[in-house]
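Structure below is coords-v8.cif: mmCIF, C-alpha atoms.
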```
data_model
loop_
_atom_site.label_atom_id
_atom_site.label_comp_id
_atom_site.auth_asym_id
_atom_site.auth_seq_id
_atom_site.Cartn_x
_atom_site.Cartn_y
_atom_site.Cartn_z
CA MET A 1 -66.09 -10.60 -4.05
CA THR A 2 -66.56 -11.78 -0.47
CA GLU A 3 -68.51 -14.79 -1.73
CA SER A 4 -65.54 -15.57 -4.00
CA GLY A 5 -63.16 -15.56 -1.06
CA VAL A 6 -61.89 -11.98 -1.26
CA PRO A 7 -63.10 -10.08 1.82
CA MET A 8 -64.42 -6.73 0.58
CA ASP A 9 -66.91 -4.26 1.95
CA LEU A 10 -67.10 -1.39 -0.52
CA THR A 11 -69.30 1.53 0.30
CA GLY A 12 -69.14 4.60 -1.89
CA TRP A 13 -68.70 7.86 -0.03
CA TRP A 14 -67.52 11.37 -0.64
CA ALA A 15 -66.09 14.04 1.59
CA ALA A 16 -65.10 17.67 1.69
CA MET A 17 -61.39 17.95 2.40
CA VAL A 18 -59.10 20.80 3.28
CA PRO A 19 -55.32 21.04 2.89
CA ALA A 20 -53.05 19.88 5.70
CA GLY A 21 -52.35 22.62 8.22
CA VAL A 22 -55.76 24.31 8.08
CA PRO A 23 -56.55 25.53 11.61
CA LYS A 24 -58.90 23.32 13.62
CA PRO A 25 -61.61 26.03 14.02
CA ILE A 26 -61.89 26.30 10.23
CA ILE A 27 -62.07 22.51 9.86
CA ILE A 28 -64.86 22.43 12.45
CA LYS A 29 -66.75 25.23 10.68
CA VAL A 30 -66.50 23.52 7.25
CA ASN A 31 -67.72 20.27 8.85
CA GLN A 32 -70.65 22.12 10.45
CA TRP A 33 -71.62 23.67 7.10
CA PHE A 34 -71.57 20.34 5.29
CA THR A 35 -73.45 18.64 8.12
CA GLN A 36 -76.10 21.36 7.93
CA ILE A 37 -76.40 20.96 4.14
CA VAL A 38 -76.52 17.14 4.16
CA LYS A 39 -79.30 17.17 6.77
CA THR A 40 -81.65 19.12 4.48
CA ASP A 41 -84.57 17.36 2.84
CA GLU A 42 -83.22 18.42 -0.57
CA SER A 43 -79.86 16.75 0.10
CA LYS A 44 -81.49 13.59 1.44
CA LYS A 45 -83.70 13.43 -1.65
CA PHE A 46 -80.68 13.92 -3.93
CA LEU A 47 -78.69 11.18 -2.19
CA ASN A 48 -81.66 8.81 -2.11
CA SER A 49 -82.26 9.34 -5.85
CA PHE A 50 -79.25 7.15 -6.63
CA GLY A 51 -79.47 4.79 -3.66
CA GLY A 52 -77.43 6.82 -1.20
CA ASP A 53 -78.04 7.95 2.35
CA PRO A 54 -76.57 10.80 4.37
CA PHE A 55 -73.39 9.62 6.11
CA LEU A 56 -72.12 12.23 8.52
CA LEU A 57 -68.85 11.98 10.42
CA SER A 58 -66.72 14.23 12.56
CA PRO A 59 -63.47 15.46 10.98
CA GLU A 60 -61.55 12.87 13.02
CA GLU A 61 -63.88 10.04 12.01
CA GLY A 62 -63.67 11.14 8.38
CA GLN A 63 -59.86 11.13 8.47
CA ALA A 64 -59.89 7.67 10.05
CA LEU A 65 -62.24 6.39 7.32
CA PHE A 66 -60.04 7.94 4.64
CA ASN A 67 -56.91 6.28 6.06
CA LYS A 68 -58.71 2.95 6.44
CA THR A 69 -59.95 3.11 2.84
CA ILE A 70 -56.44 3.80 1.52
CA LYS A 71 -55.16 0.77 3.42
CA GLU A 72 -58.01 -1.43 2.14
CA TRP A 73 -57.43 -0.41 -1.49
CA GLY A 74 -53.73 -1.11 -1.07
CA GLU A 75 -54.67 -4.63 -0.04
CA TYR A 76 -57.06 -5.01 -3.00
CA ILE A 77 -54.26 -3.97 -5.34
CA ARG A 78 -51.88 -6.44 -3.68
CA ILE A 79 -54.45 -9.24 -4.06
CA SER A 80 -55.00 -8.35 -7.73
CA LYS A 81 -51.24 -8.47 -8.39
CA MET A 82 -51.42 -5.24 -10.36
CA GLU A 83 -48.06 -3.77 -11.26
CA PRO A 84 -47.45 -0.15 -10.24
CA ARG A 85 -47.14 2.31 -13.12
CA GLY A 86 -45.06 5.40 -13.52
#
```

Structure rendered as C-alpha coordinates:
Amino acid sequence: MTESGVPMDLTGWWAAMVPAGVPKPIIIKVNQWFTQIVKTDESKKFLNSFGGDPFLLSPEEGQALFNKTIKEWGEYIRISKMEPRG
(Lines of atoms letter the chains of each structure in order from A and count residues from 1; the text may use other names and numbers.)
(Lines give C-alpha, C1' and ligand atoms only; values in the text may rest on other atoms or scores of the structure.)
Protein backbone atom coordinates (compact mmCIF):
# COMPACT_ATOMS: atom_id res chain seq x y z
CA MET A 1 0.00 0.00 0.00
CA THR A 2 2.83 2.40 0.82
CA GLU A 3 4.31 1.81 -2.63
CA SER A 4 0.91 2.74 -4.08
CA GLY A 5 0.90 6.04 -2.22
CA VAL A 6 -1.11 5.04 0.85
CA PRO A 7 1.18 5.20 3.90
CA MET A 8 0.55 2.02 5.90
CA ASP A 9 2.61 0.06 8.37
CA LEU A 10 0.51 -2.90 9.46
CA THR A 11 1.90 -5.21 12.06
CA GLY A 12 -0.34 -7.87 13.52
CA TRP A 13 -0.40 -8.02 17.30
CA TRP A 14 -2.57 -9.29 20.09
CA ALA A 15 -2.98 -8.29 23.68
CA ALA A 16 -4.61 -9.30 26.92
CA MET A 17 -7.04 -6.61 28.02
CA VAL A 18 -8.97 -5.95 31.18
CA PRO A 19 -12.10 -3.86 31.69
CA ALA A 20 -11.81 -0.16 32.48
CA GLY A 21 -11.51 0.51 36.19
CA VAL A 22 -9.47 -2.58 37.09
CA PRO A 23 -7.06 -1.56 39.87
CA LYS A 24 -3.49 -0.83 38.75
CA PRO A 25 -1.93 -3.63 40.88
CA ILE A 26 -4.08 -6.21 39.09
CA ILE A 27 -3.19 -4.75 35.68
CA ILE A 28 0.50 -4.96 36.60
CA LYS A 29 0.12 -8.57 37.78
CA VAL A 30 -1.70 -9.65 34.58
CA ASN A 31 1.03 -7.95 32.53
CA GLN A 32 3.72 -9.76 34.53
CA TRP A 33 2.02 -13.13 33.95
CA PHE A 34 1.74 -12.59 30.21
CA THR A 35 5.32 -11.32 30.01
CA GLN A 36 6.49 -14.43 31.86
CA ILE A 37 4.52 -16.70 29.49
CA VAL A 38 5.61 -14.96 26.28
CA LYS A 39 9.28 -15.20 27.30
CA THR A 40 9.15 -19.01 27.43
CA ASP A 41 10.80 -21.06 24.71
CA GLU A 42 7.45 -22.73 23.99
CA SER A 43 5.76 -19.36 23.38
CA LYS A 44 8.62 -18.12 21.21
CA LYS A 45 8.45 -21.32 19.16
CA PHE A 46 4.67 -20.96 18.78
CA LEU A 47 4.94 -17.34 17.64
CA ASN A 48 7.84 -18.09 15.30
CA SER A 49 5.88 -20.97 13.71
CA PHE A 50 3.71 -18.45 11.86
CA GLY A 51 6.29 -15.70 11.39
CA GLY A 52 5.72 -13.86 14.66
CA ASP A 53 8.04 -12.67 17.39
CA PRO A 54 7.42 -11.86 21.04
CA PHE A 55 6.39 -8.21 21.37
CA LEU A 56 6.22 -7.18 25.00
CA LEU A 57 4.98 -3.81 26.22
CA SER A 58 4.09 -2.22 29.51
CA PRO A 59 0.38 -1.64 30.15
CA GLU A 60 0.84 2.05 29.29
CA GLU A 61 2.72 1.27 26.07
CA GLY A 62 0.07 -1.28 25.12
CA GLN A 63 -2.73 1.24 25.67
CA ALA A 64 -0.86 3.80 23.58
CA LEU A 65 -0.41 1.25 20.76
CA PHE A 66 -4.10 0.34 20.95
CA ASN A 67 -5.15 4.00 20.71
CA LYS A 68 -2.71 4.64 17.87
CA THR A 69 -4.00 1.61 15.95
CA ILE A 70 -7.61 2.76 16.31
CA LYS A 71 -6.64 6.16 14.92
CA GLU A 72 -4.70 4.59 12.02
CA TRP A 73 -7.60 2.31 11.06
CA GLY A 74 -9.95 5.29 11.18
CA GLU A 75 -7.70 6.96 8.63
CA TYR A 76 -7.60 3.82 6.44
CA ILE A 77 -11.39 3.74 6.46
CA ARG A 78 -11.54 7.44 5.57
CA ILE A 79 -9.11 6.88 2.67
CA SER A 80 -11.15 3.91 1.43
CA LYS A 81 -14.34 6.00 1.47
CA MET A 82 -16.24 3.18 3.14
CA GLU A 83 -19.69 4.11 4.34
CA PRO A 84 -20.47 3.40 8.00
CA ARG A 85 -23.09 0.72 8.61
CA GLY A 86 -25.70 0.36 11.27

- prompt: At most 8 Å from (-64.1, -1.7, -2.9), file frame, only C-alpha atoms: which residues, as a ChimeraX atom specification?
  reply: /A:8-11,72-73,76

Those same residues, written as a PDB file, in the frame of the given file with C-alpha atoms?
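Listed below is the output, part_28.pdb:
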```pdb
ATOM      1  CA  MET A   8     -64.420  -6.730   0.580  1.00  0.00           C
ATOM      2  CA  ASP A   9     -66.910  -4.260   1.950  1.00  0.00           C
ATOM      3  CA  LEU A  10     -67.100  -1.390  -0.520  1.00  0.00           C
ATOM      4  CA  THR A  11     -69.300   1.530   0.300  1.00  0.00           C
ATOM      5  CA  GLU A  72     -58.010  -1.430   2.140  1.00  0.00           C
ATOM      6  CA  TRP A  73     -57.430  -0.410  -1.490  1.00  0.00           C
ATOM      7  CA  TYR A  76     -57.060  -5.010  -3.000  1.00  0.00           C
TER       8      TYR A  76
END
```

query: Expanded to explicit residues, what is the PyMOL selection byres ((chain A and resi 28-31) around 12) for this file, as a PyMOL selection string?
result: chain A and resi 15-18+22-27+32-38+56-62

Please write the residues from the selection above to a file, keeping C-alpha atoms, as a tab-separated table (two decimals), keeping the file's coordinate frame.
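File written: result-v8.tsv
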```
chain	number	residue	atom	x	y	z
A	15	ALA	CA	-66.09	14.04	1.59
A	16	ALA	CA	-65.10	17.67	1.69
A	17	MET	CA	-61.39	17.95	2.40
A	18	VAL	CA	-59.10	20.80	3.28
A	22	VAL	CA	-55.76	24.31	8.08
A	23	PRO	CA	-56.55	25.53	11.61
A	24	LYS	CA	-58.90	23.32	13.62
A	25	PRO	CA	-61.61	26.03	14.02
A	26	ILE	CA	-61.89	26.30	10.23
A	27	ILE	CA	-62.07	22.51	9.86
A	32	GLN	CA	-70.65	22.12	10.45
A	33	TRP	CA	-71.62	23.67	7.10
A	34	PHE	CA	-71.57	20.34	5.29
A	35	THR	CA	-73.45	18.64	8.12
A	36	GLN	CA	-76.10	21.36	7.93
A	37	ILE	CA	-76.40	20.96	4.14
A	38	VAL	CA	-76.52	17.14	4.16
A	56	LEU	CA	-72.12	12.23	8.52
A	57	LEU	CA	-68.85	11.98	10.42
A	58	SER	CA	-66.72	14.23	12.56
A	59	PRO	CA	-63.47	15.46	10.98
A	60	GLU	CA	-61.55	12.87	13.02
A	61	GLU	CA	-63.88	10.04	12.01
A	62	GLY	CA	-63.67	11.14	8.38
```

message: So the first atom is atom CA of A:Ala20 and the second is atom CA of A:Ser43; what is the distance between them in Å, to one decimal place?
response: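 Going from atom CA of A:Ala20 over to atom CA of A:Ser43 covers 27.6 Å.
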
For atom CA of A:Lys39 and atom CA of A:Gly52, the interatomic separation in Å (one decimal):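 Interatomic distance here is 13.2 Å.
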
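Taking atom CA of A:Ile77 as the reference point, atom CA of A:Gly12 is found at 17.5 Å.
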
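Checking A:Gly51, A:Arg85, A:Gly74, A:Ile79 one by one against A:Met1, counting all atoms listed in the file, you find the shortest gap at A:Ile79.
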
Can you sort out the box for stretch 4-17 of chain A, edges along x, y and z, all listed atoms in, 6 Å on every side, with centre and edge lengths in Å to one decimal, as JSON?
```
{"center_x": -65.3, "center_y": 1.2, "center_z": -0.8, "size_x": 19.9, "size_y": 45.5, "size_z": 18.4}
```

field: Contacts of A:Asp53 at 8 Å (only C-alpha atoms; same-chain gap of 5+ positions) as a VMD selection string
entry: chain A and resid 44 47 to 48
